[in-house]
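Undergrad: Sharing a structure below in structure tokens format, with a few things to ask.
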There are 2 protein chains.
Amino acid sequence: MINLALAGIGEVALEHHVPAINSSSNWRLAATFSRKGFISGVDAYHDFSALLRSRDDIEAVSLCQPPKPRLQYAIAALQNNRHVMLEKPTGATISECLLLKRMAQQNNLCLFATWHSRKAHMVENARNWLADKKLKCLHIDWREDVRRWHDGQEWIWQPGGFGVFDPGINALSIVTYILPDPIYVTSARLEVPENRSTPIAAALTFGHPHNASATASFDWREQGEQSWSIEADTDAGLLVLNNGGSELFINGEKIDTAAKADTISSDAAMNTLGNEYRRLYERFYHLIQHKEIDMDLAPLQLVADAVLLGSRKTVEAFHY
Amino acid sequence: MINLALAGIGEVALEHHVPAINSSSNWRLAATFSRKGFISGVDAYHDFSALLRSRDDIEAVSLCQPPKPRLQYAIAALQNNRHVMLEKPTGATISECLLLKRMAQQNNLCLFATWHSRKAHMVENARNWLADKKLKCLHIDWREDVRRWHDGQEWIWQPGGFGVFDPGINALSIVTYILPDPIYVTSARLEVPENRSTPIAAALTFGHPHNASATASFDWREQGEQSWSIEADTDAGLLVLNNGGSELFINGEKIDTAAKADTISSDAAMNTLGNEYRRLYERFYHLIQHKEIDMDLAPLQLVADAVLLGSRKTVEAFHY
């Protein structure tokens, strides 16, 4: 059993990380670090240096803060010889992620840049099916109501806060995993509220090595039916991945492997997103056992490229 | 002698590439491709496919177009089995550069992402001196008059056109080469004219593995003395690299190795910038002989990171 510290005790930590950690016999939640948050019955630190200094029994830390403030804790953890797991998006910049990777390599530590959506129920099936197909057309449709899913969150609107790319990067993490060929951004149109720094909507066009057409539409203003879907038209028909990777349709037929893939789905705590995080912690444990680094920056790179290349249109102010 | 095609016949091609190619006994300028431009006495193509189809004698192409339109020609050249040299900045996005690298590897071709400022006269000396010093403080000061150096250029102001990062990336190409440790962007402030898409000025702050303080100031509105300087304060004193890498001062003393480093500096055509390009073509020749790829994306990555992380301030309209 590995003693773990969880840092950044907010909604994501409480709803997803804690149940996943508690459900596993590999992990023991030995401490938390947070400015304000805590978990009843777990040693709470409000000074990260103190945690690192006084708790030699803690081998690994899982960092759930927003990417910009998170960096300093990742550096401190690696400097103090702890394995590190990072929430998505991996960092506020690519260069800082490469620095962390270098530090982990030099100190022989495990570093895991997580993409929870890649662990969604049907993502592996989608990847397997697409592996030998010829892609003709891809469309990502990621439309949700920011007030419903990010109510009151301010960091997402600040420089380095990603805006609609915060959910959009989940789609990109799936697409870069399930497609056998890499895509790249060829154009982007970002819509930025006049009182905010980050986009509320983005339309992307991608290039593809075999000239498939590929596009993405991210929108935080959807008050009707929420959509987290990826459609891939191929020489063998249409693949549709719905609900953030949890439902798969091939040529209109629903593929159902629920019984096989989620053996503990009867446990109420293990909802679909819960399983994503349970799989992340399984993977982190495996990486530590094998002293490996798992940091795929392709999703973050596509976002950085879209912002670098994109045109910006100012749209009406956004208030919660 | 290798037959070369030069694509994108504008100012940079005519002033820097052509003299460098003509001064070398390794290269023969066998054709040009450009929408409008041509070079007297050299076969001119206005259709790139026709050039690739009809000129099997041409082993390598050097692409001088702006990064966004350049990509399609790089892909076509690699698909048609030609070695490729790319002007800076390497691409409009990082992902497309990684695609080109993958294609070059798969086709066993040479790919050279050039950074001409790295070949400036005193850059190697600066790198050698810094190799065993402890950096305390770094400042990049890159201030020039855009009307003087980019008069009438429109692509630099369009999405994907880089704005003041077009010269600024030259500074970043030097810094990422001469510093023994990698830096990463921690904050950026971009000033964007209200009628343009790209910044006219940018102030960057960097992080450094040993906590050196590092900053950059890029400004296109400098009508007084132009500045392309890098100052690095270290435990062994102050290094100053002036004039885009062509002059070096260490603790106030000018280091002069002109006679040794630039043996053909007596040739009027071989001005300082001319030597940068002469060295690039020497390097390209070497890479082809050894079937190597040279693509360091660190300077482009820092720019992408600055744009991703940066705050934007709208400033007064810019007109030439």
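Naming works like this for the structure tokens: A, B, ... for the chains as they're shown, residue 1 at the start of each chain, ligands 1 onward in shown order.
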Could you give me, as a PyMOL selection string, the residues within 12 Å of Ser173 (chain B), counting only C-alpha atoms and dropping anything in the same chain fewer than 5 positions from it?
TA: chain B and resi 88-90+113-120+123+140+165-168+178-179+182-183+230+244-245+295-303
Undergrad: If you run DSSP on the backbone here, which positions in region 89-286 of chain B get strand (DSSP E)? Please write them as a ChimeraX atom specification.
TA: /B:111-113,135-143,184-193,201-207,213-219,227-234,237-242,247-250,253-255
Undergrad: Those residues you just picked out, can you put them in a file as a PDB file, in the first residue's frame with C-alpha atoms?
TA:
```
ATOM      1  CA  LEU B 111      14.728  18.145 -42.244  1.00  0.00           C
ATOM      2  CA  PHE B 112      16.361  21.319 -40.975  1.00  0.00           C
ATOM      3  CA  ALA B 113      14.424  23.837 -38.889  1.00  0.00           C
ATOM      4  CA  LEU B 135      22.965  32.200 -13.935  1.00  0.00           C
ATOM      5  CA  LYS B 136      21.563  34.816 -11.556  1.00  0.00           C
ATOM      6  CA  CYS B 137      19.620  37.095 -13.853  1.00  0.00           C
ATOM      7  CA  LEU B 138      18.781  37.234 -17.565  1.00  0.00           C
ATOM      8  CA  HIS B 139      17.176  39.999 -19.576  1.00  0.00           C
ATOM      9  CA  ILE B 140      16.317  40.086 -23.264  1.00  0.00           C
ATOM     10  CA  ASP B 141      15.756  43.524 -24.750  1.00  0.00           C
ATOM     11  CA  TRP B 142      14.530  43.305 -28.348  1.00  0.00           C
ATOM     12  CA  ARG B 143      13.224  46.668 -29.488  1.00  0.00           C
ATOM     13  CA  TYR B 184       9.793  28.306 -19.246  1.00  0.00           C
ATOM     14  CA  VAL B 185       7.235  31.090 -19.455  1.00  0.00           C
ATOM     15  CA  THR B 186       5.529  31.965 -16.156  1.00  0.00           C
ATOM     16  CA  SER B 187       3.715  35.105 -17.260  1.00  0.00           C
ATOM     17  CA  ALA B 188       3.284  37.227 -20.354  1.00  0.00           C
ATOM     18  CA  ARG B 189       1.624  40.507 -21.177  1.00  0.00           C
ATOM     19  CA  LEU B 190       0.792  41.047 -24.852  1.00  0.00           C
ATOM     20  CA  GLU B 191      -0.124  44.424 -26.328  1.00  0.00           C
ATOM     21  CA  VAL B 192      -2.253  44.031 -29.448  1.00  0.00           C
ATOM     22  CA  PRO B 193      -3.233  46.981 -31.691  1.00  0.00           C
ATOM     23  CA  ALA B 201       4.812  44.390 -27.870  1.00  0.00           C
ATOM     24  CA  ALA B 202       5.228  41.644 -25.295  1.00  0.00           C
ATOM     25  CA  ALA B 203       6.735  41.390 -21.821  1.00  0.00           C
ATOM     26  CA  LEU B 204       7.628  37.893 -20.649  1.00  0.00           C
ATOM     27  CA  THR B 205       8.734  36.447 -17.331  1.00  0.00           C
ATOM     28  CA  PHE B 206      10.436  33.076 -17.241  1.00  0.00           C
ATOM     29  CA  GLY B 207      11.017  30.413 -14.648  1.00  0.00           C
ATOM     30  CA  SER B 213      15.273  35.658 -12.602  1.00  0.00           C
ATOM     31  CA  ALA B 214      14.646  35.957 -16.346  1.00  0.00           C
ATOM     32  CA  THR B 215      12.607  38.424 -18.388  1.00  0.00           C
ATOM     33  CA  ALA B 216      12.156  39.569 -21.979  1.00  0.00           C
ATOM     34  CA  SER B 217      10.894  42.779 -23.470  1.00  0.00           C
ATOM     35  CA  PHE B 218       9.886  42.762 -27.144  1.00  0.00           C
ATOM     36  CA  ASP B 219       8.697  46.012 -28.683  1.00  0.00           C
ATOM     37  CA  SER B 227      18.184  47.049 -29.465  1.00  0.00           C
ATOM     38  CA  TRP B 228      18.736  43.339 -29.934  1.00  0.00           C
ATOM     39  CA  SER B 229      20.552  42.530 -26.717  1.00  0.00           C
ATOM     40  CA  ILE B 230      20.736  39.759 -24.145  1.00  0.00           C
ATOM     41  CA  GLU B 231      22.256  40.343 -20.721  1.00  0.00           C
ATOM     42  CA  ALA B 232      23.132  37.423 -18.473  1.00  0.00           C
ATOM     43  CA  ASP B 233      24.398  38.124 -14.970  1.00  0.00           C
ATOM     44  CA  THR B 234      26.229  35.161 -13.475  1.00  0.00           C
ATOM     45  CA  GLY B 237      30.132  38.381 -13.914  1.00  0.00           C
ATOM     46  CA  LEU B 238      28.083  39.890 -16.701  1.00  0.00           C
ATOM     47  CA  LEU B 239      27.756  38.615 -20.251  1.00  0.00           C
ATOM     48  CA  VAL B 240      26.231  40.985 -22.802  1.00  0.00           C
ATOM     49  CA  LEU B 241      25.374  39.820 -26.303  1.00  0.00           C
ATOM     50  CA  ASN B 242      24.521  42.775 -28.540  1.00  0.00           C
ATOM     51  CA  GLU B 247      28.888  41.415 -30.448  1.00  0.00           C
ATOM     52  CA  LEU B 248      29.940  39.939 -27.113  1.00  0.00           C
ATOM     53  CA  PHE B 249      31.051  41.723 -23.941  1.00  0.00           C
ATOM     54  CA  ILE B 250      32.145  39.892 -20.817  1.00  0.00           C
ATOM     55  CA  GLU B 253      35.356  43.827 -22.210  1.00  0.00           C
ATOM     56  CA  LYS B 254      34.618  43.279 -25.876  1.00  0.00           C
ATOM     57  CA  ILE B 255      35.473  39.788 -27.063  1.00  0.00           C
TER      58      ILE B 255
END
```
Undergrad: Determine, counting only C-alpha atoms, which protein, DNA and RNA residues have an atom within 8 Å of an atom of region 287-292 of chain A; residues of the same chain fewer than 2 positions away are not included. Present the result as a list in words.
TA: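 Final neighbour list, sorted by chain and number: His83, Asn108, Leu109, Cys110, Leu111, Phe112, Arg283, Phe284, Tyr285 and Asp294 of chain A.
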Undergrad: Write to file, as a PDB file, in the first residue's frame, the residues of the selection just made, with N, CA, C and O atoms.
TA:
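Saved result, selection.pdb, follows:
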```pdb
ATOM      1  N   HIS A  83       6.843  10.784  -6.116  1.00  0.00           N
ATOM      2  CA  HIS A  83       6.175  10.545  -7.391  1.00  0.00           C
ATOM      3  C   HIS A  83       5.000  11.504  -7.514  1.00  0.00           C
ATOM      4  O   HIS A  83       4.352  11.826  -6.514  1.00  0.00           O
ATOM      5  N   ASN A 108      14.785   9.980 -11.099  1.00  0.00           N
ATOM      6  CA  ASN A 108      14.290   8.602 -11.182  1.00  0.00           C
ATOM      7  C   ASN A 108      12.924   8.443 -10.495  1.00  0.00           C
ATOM      8  O   ASN A 108      12.696   7.514  -9.723  1.00  0.00           O
ATOM      9  N   LEU A 109      12.040   9.404 -10.772  1.00  0.00           N
ATOM     10  CA  LEU A 109      10.712   9.401 -10.178  1.00  0.00           C
ATOM     11  C   LEU A 109       9.647   9.171 -11.242  1.00  0.00           C
ATOM     12  O   LEU A 109       9.883   9.387 -12.433  1.00  0.00           O
ATOM     13  N   CYS A 110       8.503   8.762 -10.786  1.00  0.00           N
ATOM     14  CA  CYS A 110       7.373   8.563 -11.679  1.00  0.00           C
ATOM     15  C   CYS A 110       6.583   9.862 -11.809  1.00  0.00           C
ATOM     16  O   CYS A 110       6.369  10.577 -10.828  1.00  0.00           O
ATOM     17  N   LEU A 111       6.176  10.167 -13.030  1.00  0.00           N
ATOM     18  CA  LEU A 111       5.365  11.358 -13.295  1.00  0.00           C
ATOM     19  C   LEU A 111       4.225  10.926 -14.206  1.00  0.00           C
ATOM     20  O   LEU A 111       4.452  10.288 -15.233  1.00  0.00           O
ATOM     21  N   PHE A 112       3.015  11.266 -13.803  1.00  0.00           N
ATOM     22  CA  PHE A 112       1.841  10.833 -14.559  1.00  0.00           C
ATOM     23  C   PHE A 112       0.968  12.043 -14.874  1.00  0.00           C
ATOM     24  O   PHE A 112       0.363  12.635 -13.978  1.00  0.00           O
ATOM     25  N   ARG A 283      -3.412   3.057 -12.920  1.00  0.00           N
ATOM     26  CA  ARG A 283      -2.294   3.351 -13.818  1.00  0.00           C
ATOM     27  C   ARG A 283      -1.124   3.987 -13.054  1.00  0.00           C
ATOM     28  O   ARG A 283       0.034   3.631 -13.285  1.00  0.00           O
ATOM     29  N   PHE A 284      -1.428   4.912 -12.148  1.00  0.00           N
ATOM     30  CA  PHE A 284      -0.381   5.569 -11.357  1.00  0.00           C
ATOM     31  C   PHE A 284       0.380   4.527 -10.531  1.00  0.00           C
ATOM     32  O   PHE A 284       1.612   4.546 -10.467  1.00  0.00           O
ATOM     33  N   TYR A 285      -0.365   3.612  -9.940  1.00  0.00           N
ATOM     34  CA  TYR A 285       0.273   2.537  -9.147  1.00  0.00           C
ATOM     35  C   TYR A 285       1.198   1.698 -10.034  1.00  0.00           C
ATOM     36  O   TYR A 285       2.340   1.434  -9.678  1.00  0.00           O
ATOM     37  N   ASP A 294       4.601   8.824 -17.648  1.00  0.00           N
ATOM     38  CA  ASP A 294       3.541   8.836 -18.654  1.00  0.00           C
ATOM     39  C   ASP A 294       3.070  10.280 -18.804  1.00  0.00           C
ATOM     40  O   ASP A 294       2.315  10.791 -17.982  1.00  0.00           O
TER      41      ASP A 294
END
```
Undergrad: Give me the residues within 12 Å of Ala317 (chain A) as number ranges by chain, counting only C-alpha atoms and dropping any in the same chain fewer than 5 places off.
TA: A: 157, 191-200
Undergrad: Can you write out the residues you just picked, keeping C-alpha atoms, as a PDB file, in the first residue's frame?
TA:
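So result09.pdb came out as:
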```pdb
ATOM      1  CA  TRP A 157     -11.490  32.968 -17.180  1.00  0.00           C
ATOM      2  CA  GLU A 191     -14.802  33.890 -29.092  1.00  0.00           C
ATOM      3  CA  VAL A 192     -13.741  35.784 -25.977  1.00  0.00           C
ATOM      4  CA  PRO A 193     -16.211  37.661 -23.733  1.00  0.00           C
ATOM      5  CA  GLU A 194     -15.286  41.326 -23.500  1.00  0.00           C
ATOM      6  CA  ASN A 195     -14.839  41.093 -19.724  1.00  0.00           C
ATOM      7  CA  ARG A 196     -12.795  37.867 -19.739  1.00  0.00           C
ATOM      8  CA  SER A 197      -9.362  36.666 -20.905  1.00  0.00           C
ATOM      9  CA  THR A 198     -10.181  33.187 -22.181  1.00  0.00           C
ATOM     10  CA  PRO A 199     -12.604  31.931 -24.857  1.00  0.00           C
ATOM     11  CA  ILE A 200     -16.221  30.967 -24.184  1.00  0.00           C
TER      12      ILE A 200
END
```
Undergrad: Give the answer as one residue: which of A:Val18, A:Leu308, A:Ile174, A:Tyr73 has the shortest atom-to-atom distance to Asn125 (chain A), using only C-alpha atoms?
TA: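 For Asn125 (chain A), the nearest of the candidates is A:Ile174.
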Undergrad: Give as a compact mmCIF listing (two decimals) with N, CA, C and O atoms, in the first residue's frame every residue of chain A that touches chain B within 7 Å, counting only C-alpha atoms.
TA:
```txt
# COMPACT_ATOMS: atom_id res chain seq x y z
N ALA A 92 0.13 24.91 -17.33
CA ALA A 92 -0.30 26.14 -17.99
C ALA A 92 0.48 26.35 -19.28
O ALA A 92 0.03 27.08 -20.16
N THR A 93 1.64 25.71 -19.39
CA THR A 93 2.46 25.79 -20.61
C THR A 93 3.09 24.42 -20.88
O THR A 93 3.23 23.60 -19.96
N ILE A 94 3.48 24.23 -22.13
CA ILE A 94 4.19 23.01 -22.50
C ILE A 94 5.60 22.99 -21.90
O ILE A 94 6.06 21.97 -21.40
N SER A 95 6.28 24.13 -21.94
CA SER A 95 7.68 24.17 -21.48
C SER A 95 7.79 23.75 -20.03
O SER A 95 8.75 23.07 -19.64
N GLU A 96 6.85 24.16 -19.19
CA GLU A 96 6.93 23.77 -17.78
C GLU A 96 6.71 22.27 -17.62
O GLU A 96 7.32 21.64 -16.77
N PRO A 159 -6.04 34.73 -17.50
CA PRO A 159 -4.96 34.29 -18.39
C PRO A 159 -4.37 32.98 -17.90
O PRO A 159 -4.11 32.83 -16.70
N GLY A 160 -4.19 32.02 -18.80
CA GLY A 160 -3.70 30.71 -18.41
C GLY A 160 -4.79 29.80 -17.88
O GLY A 160 -4.51 28.68 -17.45
N TYR A 184 -3.33 18.07 -36.61
CA TYR A 184 -2.71 19.35 -36.24
C TYR A 184 -3.68 20.47 -36.58
O TYR A 184 -4.51 20.32 -37.49
N SER A 197 -10.61 36.86 -20.16
CA SER A 197 -9.36 36.67 -20.91
C SER A 197 -9.34 35.41 -21.76
O SER A 197 -8.48 35.25 -22.62
N GLN A 301 -0.86 20.49 -26.49
CA GLN A 301 -0.20 21.10 -27.64
C GLN A 301 -1.22 21.61 -28.65
O GLN A 301 -1.06 22.70 -29.21
N LEU A 302 -2.26 20.84 -28.87
CA LEU A 302 -3.30 21.28 -29.82
C LEU A 302 -3.99 22.56 -29.32
O LEU A 302 -4.30 23.45 -30.11
N ALA A 304 -2.61 24.85 -27.27
CA ALA A 304 -1.63 25.94 -27.42
C ALA A 304 -1.55 26.37 -28.87
O ALA A 304 -1.50 27.57 -29.19
N ASP A 305 -1.56 25.41 -29.79
CA ASP A 305 -1.49 25.72 -31.22
C ASP A 305 -2.73 26.50 -31.67
O ASP A 305 -2.62 27.44 -32.46
N VAL A 307 -4.57 28.48 -29.88
CA VAL A 307 -4.51 29.84 -29.36
C VAL A 307 -3.45 30.65 -30.11
O VAL A 307 -3.64 31.84 -30.41
N LEU A 308 -2.34 30.01 -30.45
CA LEU A 308 -1.27 30.69 -31.18
C LEU A 308 -1.72 31.12 -32.57
O LEU A 308 -1.43 32.21 -33.05
N LEU A 309 -2.44 30.21 -33.23
CA LEU A 309 -2.82 30.40 -34.62
C LEU A 309 -4.15 31.13 -34.77
O LEU A 309 -4.45 31.71 -35.83
N GLY A 310 -4.98 31.10 -33.72
CA GLY A 310 -6.38 31.46 -33.86
C GLY A 310 -6.65 32.94 -34.02
O GLY A 310 -5.89 33.79 -33.57
N SER A 311 -7.77 33.24 -34.65
CA SER A 311 -8.28 34.60 -34.65
C SER A 311 -9.18 34.74 -33.43
O SER A 311 -9.75 33.77 -32.94
```
Undergrad: One number please: CA of Ala44 (chain B) to CA of Ala5 (chain B), in Å, one decimal.
TA: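 Answer for the CA of Ala44 (chain B) to CA of Ala5 (chain B) separation: 9.5 Å.
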Undergrad: So which residues of region 22-189 of chain A fall under helix (DSSP H, G or I) by DSSP, listed as a PyMOL selection string?
TA: chain A and resi 22+48-54+67-79+94-106+116-119+123-130+146-149+155-157+165-178
Undergrad: Between CA of Ser24 (chain A) and CA of Ala77 (chain A), measure the distance and give it in Å to one decimal.
TA: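 CA of Ala77 (chain A) lies 22.9 Å from CA of Ser24 (chain A).
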Undergrad: Might you pull out every residue within 9 Å of Gln79 (chain A), with only C-alpha atoms counted and same-chain residues fewer than 5 positions away left off, and present them as a PDB file with all heavy atoms, in the first residue's frame?
TA:
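File written: around00.pdb
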```
ATOM      1  N   ALA A  74       4.338  20.878  -7.939  1.00  0.00           N
ATOM      2  CA  ALA A  74       4.926  19.760  -8.699  1.00  0.00           C
ATOM      3  C   ALA A  74       6.441  19.810  -8.608  1.00  0.00           C
ATOM      4  O   ALA A  74       7.103  18.782  -8.376  1.00  0.00           O
ATOM      5  CB  ALA A  74       4.468  19.817 -10.152  1.00  0.00           C
ATOM      6  N   MET A 103      12.942  16.774 -14.707  1.00  0.00           N
ATOM      7  CA  MET A 103      13.234  16.600 -13.281  1.00  0.00           C
ATOM      8  C   MET A 103      12.917  15.176 -12.824  1.00  0.00           C
ATOM      9  O   MET A 103      13.691  14.570 -12.077  1.00  0.00           O
ATOM     10  CB  MET A 103      12.394  17.581 -12.445  1.00  0.00           C
ATOM     11  CG  MET A 103      12.814  19.023 -12.579  1.00  0.00           C
ATOM     12  SD  MET A 103      11.763  20.111 -11.543  1.00  0.00           S
ATOM     13  CE  MET A 103      12.283  19.570  -9.913  1.00  0.00           C
ATOM     14  N   ALA A 104      11.780  14.647 -13.291  1.00  0.00           N
ATOM     15  CA  ALA A 104      11.402  13.285 -12.906  1.00  0.00           C
ATOM     16  C   ALA A 104      12.441  12.286 -13.419  1.00  0.00           C
ATOM     17  O   ALA A 104      12.844  11.362 -12.697  1.00  0.00           O
ATOM     18  CB  ALA A 104      10.013  12.956 -13.439  1.00  0.00           C
ATOM     19  N   ASN A 107      15.641  12.522 -11.328  1.00  0.00           N
ATOM     20  CA  ASN A 107      15.499  12.010  -9.959  1.00  0.00           C
ATOM     21  C   ASN A 107      14.948  10.591  -9.915  1.00  0.00           C
ATOM     22  O   ASN A 107      14.638  10.077  -8.846  1.00  0.00           O
ATOM     23  CB  ASN A 107      14.580  12.935  -9.144  1.00  0.00           C
ATOM     24  CG  ASN A 107      15.159  14.331  -9.008  1.00  0.00           C
ATOM     25  OD1 ASN A 107      16.306  14.577  -9.370  1.00  0.00           O
ATOM     26  ND2 ASN A 107      14.365  15.247  -8.490  1.00  0.00           N
TER      27      ASN A 107
END
```
Undergrad: What lies within 9 Å of Leu29 (chain A) using only C-alpha atoms, ignoring chain neighbours under 5 positions off, as a ChimeraX atom specification?
TA: /A:2-6,18,21-22,42
Undergrad: What does the distance from CA of Leu273 (chain B) to CA of Arg82 (chain B) come to in Å, to one decimal?
TA: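 Atom-to-atom, CA of Leu273 (chain B) and CA of Arg82 (chain B) are spaced 26.6 Å apart.
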Undergrad: Using only C-alpha atoms, find the one residue out of A:Gln65, A:Thr176, A:Ser246, A:Asn211 that sits nearest to Leu130 (chain A).
TA: A:Thr176
